[in-house]
Amino acid sequence: TIQTDPSKANRKVLIIGIDGFRADAMQDTISPFLFSFAQSQSTYFTDQNHVQELTFSGPNWSSLCTGVDLCKHMVTTNGFGENDLQSFPHFFKYIEAANSDKNTVSIVNWTPINEYLASPFADYAPTESINDHDVFLMAKQALTLNYPISPDVLFLQFDELDGTGHEFGFNPNVPEYASYVNTLDGYIDNLVSIVETKRLNGEDWLICIVSDHGGDGKSHGGKYDNEHVRHTIMYMNSTSETFKNWYTSSQTDLAPTVLDFLGISSAEFDCKSD
């Protein structure tokens, strides 16, 4: 059974996912917007967000989208084989069950997120490969022009920072890595400012910024004992809710936070989530 809080019925959510964001790259000289956003009175921020013990994309995007640890969703590879996502689906399922008129949108560079997690439930989740700049442009178009759909819950994933880390090194002291963090900082600044304008026009938005893992050297797999891999960033920003700033988040916190913000409670989700 799904219950909804009518007072939260018109709320909206923007989730910005960045693949391979090493937490100490959040610096005022590299990512000035993300640095200032973390200081906001309306923002929950941690640079200690715990990732899954398998420190690569498949398990972590799955935990972010389902609200459960990998021992439940069973995504242990980037190929998503032998999973149990049927029992532990994307949080979009509960949003659509609560109100099918809500437009759930997922625009990603790394297509397995849409292929395996979002597509069964989303109103719009293209599975053709696009680059990060196209993710940014499509998100901007959706938010400003309502094209091709007007999003109530918009999930984005930028993938090229991870590729930069694999090629040059996951480190804020690596010029190529720092430069691409700066590029993403500009995209995020632009998208958040669009949402801030919507807030000024009376809309109530939650803004989430997450990552699947950090990195060290030119890799991140099998490095759970390395703090630069095991910890990454998580932001939650709302002008209508307050967050526990002492709390240290993990990947399974995104889904329940989004559902709670939207006033959706599901006995099935509550029973299954971590």
# chains A, B, ... in the order shown; residues from 1 in each chain; ligands from 1
$ select_by_dssp --residues "segment 69-112 of chain A" --states "strand (DSSP E or B)" --output "list in words"
Thr104, Val105, Ser106, Ile107 and Val108 of chain A
$ residues_around --residues "Thr144 of chain A" --least-positions-apart "2" --cutoff "10 Å" --atoms "only C-alpha atoms" --output "PyMOL selection string"
chain A and resi 138-142+146-147+150+191+194-195+198
$ write_last_selection --atoms "N, CA, C and O atoms" --output "PDB file, in the first residue's frame"
ATOM      1  N   MET A 138      20.163  18.550 -22.454  1.00  0.00           N
ATOM      2  CA  MET A 138      18.829  17.940 -22.379  1.00  0.00           C
ATOM      3  C   MET A 138      18.153  18.284 -21.053  1.00  0.00           C
ATOM      4  O   MET A 138      16.940  18.540 -21.012  1.00  0.00           O
ATOM      5  N   ALA A 139      18.938  18.309 -19.975  1.00  0.00           N
ATOM      6  CA  ALA A 139      18.374  18.665 -18.674  1.00  0.00           C
ATOM      7  C   ALA A 139      17.893  20.115 -18.672  1.00  0.00           C
ATOM      8  O   ALA A 139      16.800  20.434 -18.189  1.00  0.00           O
ATOM      9  N   LYS A 140      18.717  20.972 -19.241  1.00  0.00           N
ATOM     10  CA  LYS A 140      18.369  22.393 -19.315  1.00  0.00           C
ATOM     11  C   LYS A 140      17.087  22.606 -20.125  1.00  0.00           C
ATOM     12  O   LYS A 140      16.203  23.381 -19.747  1.00  0.00           O
ATOM     13  N   GLN A 141      17.012  21.880 -21.235  1.00  0.00           N
ATOM     14  CA  GLN A 141      15.837  21.963 -22.111  1.00  0.00           C
ATOM     15  C   GLN A 141      14.577  21.489 -21.376  1.00  0.00           C
ATOM     16  O   GLN A 141      13.519  22.115 -21.459  1.00  0.00           O
ATOM     17  N   ALA A 142      14.705  20.389 -20.655  1.00  0.00           N
ATOM     18  CA  ALA A 142      13.553  19.866 -19.914  1.00  0.00           C
ATOM     19  C   ALA A 142      13.105  20.854 -18.838  1.00  0.00           C
ATOM     20  O   ALA A 142      11.905  21.091 -18.656  1.00  0.00           O
ATOM     21  N   ASN A 146      10.337  22.542 -20.879  1.00  0.00           N
ATOM     22  CA  ASN A 146       9.462  21.380 -20.687  1.00  0.00           C
ATOM     23  C   ASN A 146       9.479  20.453 -21.894  1.00  0.00           C
ATOM     24  O   ASN A 146       8.465  19.839 -22.245  1.00  0.00           O
ATOM     25  N   TYR A 147      10.655  20.372 -22.545  1.00  0.00           N
ATOM     26  CA  TYR A 147      10.791  19.520 -23.731  1.00  0.00           C
ATOM     27  C   TYR A 147      11.892  18.488 -23.507  1.00  0.00           C
ATOM     28  O   TYR A 147      12.958  18.840 -23.010  1.00  0.00           O
ATOM     29  N   SER A 150       7.949  17.706 -19.197  1.00  0.00           N
ATOM     30  CA  SER A 150       8.133  18.587 -18.040  1.00  0.00           C
ATOM     31  C   SER A 150       8.423  17.727 -16.815  1.00  0.00           C
ATOM     32  O   SER A 150       7.553  16.988 -16.354  1.00  0.00           O
ATOM     33  N   LEU A 191      22.259  24.589 -13.759  1.00  0.00           N
ATOM     34  CA  LEU A 191      21.019  23.845 -13.504  1.00  0.00           C
ATOM     35  C   LEU A 191      20.400  24.244 -12.172  1.00  0.00           C
ATOM     36  O   LEU A 191      19.176  24.409 -12.075  1.00  0.00           O
ATOM     37  N   ILE A 194      18.565  27.510 -12.404  1.00  0.00           N
ATOM     38  CA  ILE A 194      17.240  27.365 -13.022  1.00  0.00           C
ATOM     39  C   ILE A 194      16.218  26.941 -11.961  1.00  0.00           C
ATOM     40  O   ILE A 194      15.106  27.480 -11.885  1.00  0.00           O
ATOM     41  N   VAL A 195      16.614  25.979 -11.117  1.00  0.00           N
ATOM     42  CA  VAL A 195      15.710  25.513 -10.067  1.00  0.00           C
ATOM     43  C   VAL A 195      15.474  26.611  -9.029  1.00  0.00           C
ATOM     44  O   VAL A 195      14.352  26.776  -8.524  1.00  0.00           O
ATOM     45  N   LYS A 198      12.799  28.747 -10.221  1.00  0.00           N
ATOM     46  CA  LYS A 198      11.505  28.080 -10.044  1.00  0.00           C
ATOM     47  C   LYS A 198      11.042  28.193  -8.590  1.00  0.00           C
ATOM     48  O   LYS A 198       9.840  28.381  -8.321  1.00  0.00           O
TER      49      LYS A 198
END
$ residues_around --residues "Thr248 of chain A" --least-positions-apart "2" --cutoff "8 Å" --atoms "only C-alpha atoms" --output "JSON, numbers by chain"
{"A": [46, 48, 49, 50, 246, 250]}
$ residues_around --residues "Gln86 of chain A" --least-positions-apart "6" --cutoff "12 Å" --atoms "only C-alpha atoms" --output "PyMOL selection string"
chain A and resi 66+72-75+93+116-118+120-121
$ write_last_selection --atoms "N, CA and C atoms" --output "PDB file, in the first residue's frame"
ATOM      1  N   THR A  66      17.764   2.312  -5.622  1.00  0.00           N
ATOM      2  CA  THR A  66      16.832   1.379  -4.982  1.00  0.00           C
ATOM      3  C   THR A  66      16.683   1.589  -3.491  1.00  0.00           C
ATOM      4  N   LYS A  72      21.236  -7.059  -1.180  1.00  0.00           N
ATOM      5  CA  LYS A  72      19.825  -7.259  -1.549  1.00  0.00           C
ATOM      6  C   LYS A  72      19.611  -7.145  -3.054  1.00  0.00           C
ATOM      7  N   HIS A  73      20.049  -6.020  -3.657  1.00  0.00           N
ATOM      8  CA  HIS A  73      19.774  -5.875  -5.097  1.00  0.00           C
ATOM      9  C   HIS A  73      20.643  -6.784  -5.950  1.00  0.00           C
ATOM     10  N   MET A  74      21.744  -7.263  -5.400  1.00  0.00           N
ATOM     11  CA  MET A  74      22.583  -8.284  -6.037  1.00  0.00           C
ATOM     12  C   MET A  74      23.251  -7.832  -7.338  1.00  0.00           C
ATOM     13  N   VAL A  75      23.336  -6.519  -7.541  1.00  0.00           N
ATOM     14  CA  VAL A  75      24.096  -6.024  -8.696  1.00  0.00           C
ATOM     15  C   VAL A  75      25.559  -5.983  -8.271  1.00  0.00           C
ATOM     16  N   LYS A  93       9.435   3.609  -9.232  1.00  0.00           N
ATOM     17  CA  LYS A  93       8.264   2.714  -9.161  1.00  0.00           C
ATOM     18  C   LYS A  93       7.249   3.240  -8.149  1.00  0.00           C
ATOM     19  N   TYR A 116      18.670  -0.838 -17.040  1.00  0.00           N
ATOM     20  CA  TYR A 116      18.366  -1.829 -16.011  1.00  0.00           C
ATOM     21  C   TYR A 116      17.577  -1.273 -14.826  1.00  0.00           C
ATOM     22  N   LEU A 117      17.721   0.009 -14.530  1.00  0.00           N
ATOM     23  CA  LEU A 117      17.107   0.560 -13.325  1.00  0.00           C
ATOM     24  C   LEU A 117      15.880   1.427 -13.601  1.00  0.00           C
ATOM     25  N   ALA A 118      16.022   2.416 -14.493  1.00  0.00           N
ATOM     26  CA  ALA A 118      14.969   3.425 -14.641  1.00  0.00           C
ATOM     27  C   ALA A 118      13.885   3.068 -15.648  1.00  0.00           C
ATOM     28  N   PRO A 120      12.000   0.576 -16.701  1.00  0.00           N
ATOM     29  CA  PRO A 120      10.704  -0.065 -16.448  1.00  0.00           C
ATOM     30  C   PRO A 120       9.653   0.878 -15.846  1.00  0.00           C
ATOM     31  N   PHE A 121      10.096   1.973 -15.251  1.00  0.00           N
ATOM     32  CA  PHE A 121       9.177   2.830 -14.492  1.00  0.00           C
ATOM     33  C   PHE A 121       9.117   4.280 -14.980  1.00  0.00           C
TER      34      PHE A 121
END
$ residues_around --residues "Asn173 of chain A" --least-positions-apart "5" --cutoff "10 Å" --atoms "only C-alpha atoms" --output "list in words"
Asp24, Ala25, Ile30, Ala178 and Ser179 of chain A
$ residues_around --residues "Asn131 of chain A" --least-positions-apart "3" --cutoff "7 Å" --atoms "only C-alpha atoms" --output "number ranges by chain"
A: 109, 134-135
$ closest_residue --among "A:Glu82, A:Asp69, A:Asp253, A:Glu241" --to "Ser42 of chain A" --atoms "only C-alpha atoms"
A:Glu241
$ atom_distance --atom1 "atom CA of Glu167 of chain A" --atom2 "atom CA of Thr77 of chain A"
21.0 Å
$ select_by_dssp --residues "segment 27-168 of chain A" --states "helix (DSSP H, G or I)" --output "VMD selection string"
chain A and resid 32 to 39 57 to 66 70 to 73 92 to 98 112 to 118 132 to 145 160 to 168
$ closest_residue --among "A:Glu53, A:Asp152, A:Asp270, A:Asp212" --to "Trp110 of chain A" --atoms "only C-alpha atoms"
A:Asp212
$ residues_around --residues "Tyr187 of chain A" --least-positions-apart "5" --cutoff "12 Å" --atoms "only C-alpha atoms" --output "number ranges by chain"
A: 16-18, 31-34, 132-140, 156-158, 180-182, 192-194
$ closest_residue --among "A:Phe261, A:Phe56, A:Phe88, A:Tyr177" --to "Cys71 of chain A" --atoms "only C-alpha atoms"
A:Phe88
$ closest_residue --among "A:Gly81, A:Asn245, A:Gly214, A:His228" --to "Thr43 of chain A" --atoms "only C-alpha atoms"
A:Asn245
$ atom_distance --atom1 "atom CA of Phe35 of chain A" --atom2 "atom CA of Val210 of chain A"
14.3 Å
$ closest_residue --among "A:Ala122, A:Ala23, A:Glu176, A:Phe155" --to "Ile95 of chain A" --atoms "only C-alpha atoms"
A:Ala122
$ decode --residues "segment 143-157 of chain A" --atoms "all heavy atoms" --output "mmCIF file, in the first residue's frame"
data_model
loop_
_atom_site.group_PDB
_atom_site.id
_atom_site.type_symbol
_atom_site.label_atom_id
_atom_site.label_comp_id
_atom_site.auth_asym_id
_atom_site.auth_seq_id
_atom_site.Cartn_x
_atom_site.Cartn_y
_atom_site.Cartn_z
ATOM 1 N N LEU A 143 14.079 21.450 -18.127
ATOM 2 C CA LEU A 143 13.745 22.348 -17.021
ATOM 3 C C LEU A 143 13.219 23.703 -17.488
ATOM 4 O O LEU A 143 12.382 24.312 -16.818
ATOM 5 C CB LEU A 143 14.973 22.558 -16.132
ATOM 6 C CG LEU A 143 15.389 21.372 -15.267
ATOM 7 C CD1 LEU A 143 16.781 21.595 -14.679
ATOM 8 C CD2 LEU A 143 14.378 21.123 -14.141
ATOM 9 N N THR A 144 13.719 24.181 -18.632
ATOM 10 C CA THR A 144 13.335 25.534 -19.071
ATOM 11 C C THR A 144 12.227 25.527 -20.127
ATOM 12 O O THR A 144 11.397 26.434 -20.158
ATOM 13 C CB THR A 144 14.542 26.306 -19.629
ATOM 14 O OG1 THR A 144 15.124 25.561 -20.696
ATOM 15 C CG2 THR A 144 15.575 26.550 -18.550
ATOM 16 N N LEU A 145 12.214 24.499 -20.981
ATOM 17 C CA LEU A 145 11.247 24.464 -22.089
ATOM 18 C C LEU A 145 10.207 23.354 -21.934
ATOM 19 O O LEU A 145 9.313 23.219 -22.784
ATOM 20 C CB LEU A 145 11.988 24.268 -23.430
ATOM 21 C CG LEU A 145 13.048 25.314 -23.795
ATOM 22 C CD1 LEU A 145 13.760 24.929 -25.084
ATOM 23 C CD2 LEU A 145 12.406 26.704 -23.919
ATOM 24 N N ASN A 146 10.337 22.542 -20.879
ATOM 25 C CA ASN A 146 9.462 21.380 -20.687
ATOM 26 C C ASN A 146 9.479 20.453 -21.894
ATOM 27 O O ASN A 146 8.465 19.839 -22.245
ATOM 28 C CB ASN A 146 8.021 21.820 -20.383
ATOM 29 C CG ASN A 146 7.941 22.641 -19.114
ATOM 30 O OD1 ASN A 146 8.674 22.384 -18.162
ATOM 31 N ND2 ASN A 146 7.073 23.634 -19.095
ATOM 32 N N TYR A 147 10.655 20.372 -22.545
ATOM 33 C CA TYR A 147 10.791 19.520 -23.731
ATOM 34 C C TYR A 147 11.892 18.488 -23.507
ATOM 35 O O TYR A 147 12.958 18.840 -23.010
ATOM 36 C CB TYR A 147 11.145 20.374 -24.961
ATOM 37 C CG TYR A 147 11.360 19.553 -26.208
ATOM 38 C CD1 TYR A 147 10.273 19.167 -26.990
ATOM 39 C CD2 TYR A 147 12.640 19.131 -26.563
ATOM 40 C CE1 TYR A 147 10.469 18.372 -28.113
ATOM 41 C CE2 TYR A 147 12.842 18.345 -27.684
ATOM 42 C CZ TYR A 147 11.747 17.969 -28.457
ATOM 43 O OH TYR A 147 11.937 17.183 -29.564
ATOM 44 N N PRO A 148 11.662 17.215 -23.839
ATOM 45 C CA PRO A 148 10.446 16.631 -24.443
ATOM 46 C C PRO A 148 9.368 16.334 -23.416
ATOM 47 O O PRO A 148 8.308 15.825 -23.754
ATOM 48 C CB PRO A 148 10.971 15.327 -25.061
ATOM 49 C CG PRO A 148 12.084 14.926 -24.150
ATOM 50 C CD PRO A 148 12.725 16.208 -23.682
ATOM 51 N N ILE A 149 9.629 16.668 -22.160
ATOM 52 C CA ILE A 149 8.674 16.394 -21.093
ATOM 53 C C ILE A 149 8.982 17.367 -19.960
ATOM 54 O O ILE A 149 10.117 17.811 -19.802
ATOM 55 C CB ILE A 149 8.819 14.920 -20.631
ATOM 56 C CG1 ILE A 149 7.694 14.508 -19.678
ATOM 57 C CG2 ILE A 149 10.196 14.669 -20.016
ATOM 58 C CD1 ILE A 149 7.673 12.990 -19.410
ATOM 59 N N SER A 150 7.949 17.706 -19.197
ATOM 60 C CA SER A 150 8.133 18.587 -18.040
ATOM 61 C C SER A 150 8.423 17.727 -16.815
ATOM 62 O O SER A 150 7.553 16.988 -16.354
ATOM 63 C CB SER A 150 6.863 19.416 -17.815
ATOM 64 O OG SER A 150 6.960 20.153 -16.624
ATOM 65 N N PRO A 151 9.642 17.764 -16.283
ATOM 66 C CA PRO A 151 9.999 16.814 -15.230
ATOM 67 C C PRO A 151 9.520 17.217 -13.837
ATOM 68 O O PRO A 151 9.676 18.366 -13.423
ATOM 69 C CB PRO A 151 11.535 16.809 -15.275
ATOM 70 C CG PRO A 151 11.907 18.165 -15.780
ATOM 71 C CD PRO A 151 10.787 18.621 -16.678
ATOM 72 N N ASP A 152 8.937 16.259 -13.129
ATOM 73 C CA ASP A 152 8.655 16.434 -11.704
ATOM 74 C C ASP A 152 9.803 15.871 -10.873
ATOM 75 O O ASP A 152 10.135 16.414 -9.820
ATOM 76 C CB ASP A 152 7.347 15.732 -11.327
ATOM 77 C CG ASP A 152 6.144 16.378 -11.995
ATOM 78 O OD1 ASP A 152 5.914 17.578 -11.758
ATOM 79 O OD2 ASP A 152 5.459 15.696 -12.777
ATOM 80 N N VAL A 153 10.379 14.776 -11.349
ATOM 81 C CA VAL A 153 11.560 14.188 -10.717
ATOM 82 C C VAL A 153 12.568 13.928 -11.829
ATOM 83 O O VAL A 153 12.304 13.136 -12.744
ATOM 84 C CB VAL A 153 11.223 12.879 -9.978
ATOM 85 C CG1 VAL A 153 12.471 12.326 -9.293
ATOM 86 C CG2 VAL A 153 10.119 13.114 -8.944
ATOM 87 N N LEU A 154 13.693 14.627 -11.763
ATOM 88 C CA LEU A 154 14.696 14.561 -12.834
ATOM 89 C C LEU A 154 15.994 14.002 -12.277
ATOM 90 O O LEU A 154 16.595 14.579 -11.370
ATOM 91 C CB LEU A 154 14.922 15.955 -13.417
ATOM 92 C CG LEU A 154 16.012 16.114 -14.488
ATOM 93 C CD1 LEU A 154 15.759 15.212 -15.691
ATOM 94 C CD2 LEU A 154 16.108 17.582 -14.928
ATOM 95 N N PHE A 155 16.416 12.855 -12.819
ATOM 96 C CA PHE A 155 17.659 12.201 -12.422
ATOM 97 C C PHE A 155 18.666 12.355 -13.557
ATOM 98 O O PHE A 155 18.364 12.013 -14.701
ATOM 99 C CB PHE A 155 17.400 10.708 -12.151
ATOM 100 C CG PHE A 155 18.611 9.930 -11.701
ATOM 101 C CD1 PHE A 155 18.830 9.680 -10.356
ATOM 102 C CD2 PHE A 155 19.531 9.426 -12.622
ATOM 103 C CE1 PHE A 155 19.942 8.964 -9.926
ATOM 104 C CE2 PHE A 155 20.644 8.710 -12.208
ATOM 105 C CZ PHE A 155 20.847 8.475 -10.855
ATOM 106 N N LEU A 156 19.852 12.856 -13.232
ATOM 107 C CA LEU A 156 20.907 13.049 -14.229
ATOM 108 C C LEU A 156 22.157 12.280 -13.815
ATOM 109 O O LEU A 156 22.438 12.135 -12.629
ATOM 110 C CB LEU A 156 21.280 14.534 -14.346
ATOM 111 C CG LEU A 156 20.149 15.527 -14.577
ATOM 112 C CD1 LEU A 156 20.695 16.948 -14.545
ATOM 113 C CD2 LEU A 156 19.449 15.249 -15.902
ATOM 114 N N GLN A 157 22.913 11.812 -14.818
ATOM 115 C CA GLN A 157 24.207 11.188 -14.521
ATOM 116 C C GLN A 157 25.238 11.648 -15.535
ATOM 117 O O GLN A 157 25.067 11.509 -16.741
ATOM 118 C CB GLN A 157 24.092 9.656 -14.539
ATOM 119 C CG GLN A 157 25.362 8.938 -14.078
ATOM 120 C CD GLN A 157 26.253 8.468 -15.234
ATOM 121 O OE1 GLN A 157 25.922 8.652 -16.403
ATOM 122 N NE2 GLN A 157 27.375 7.854 -14.903
#
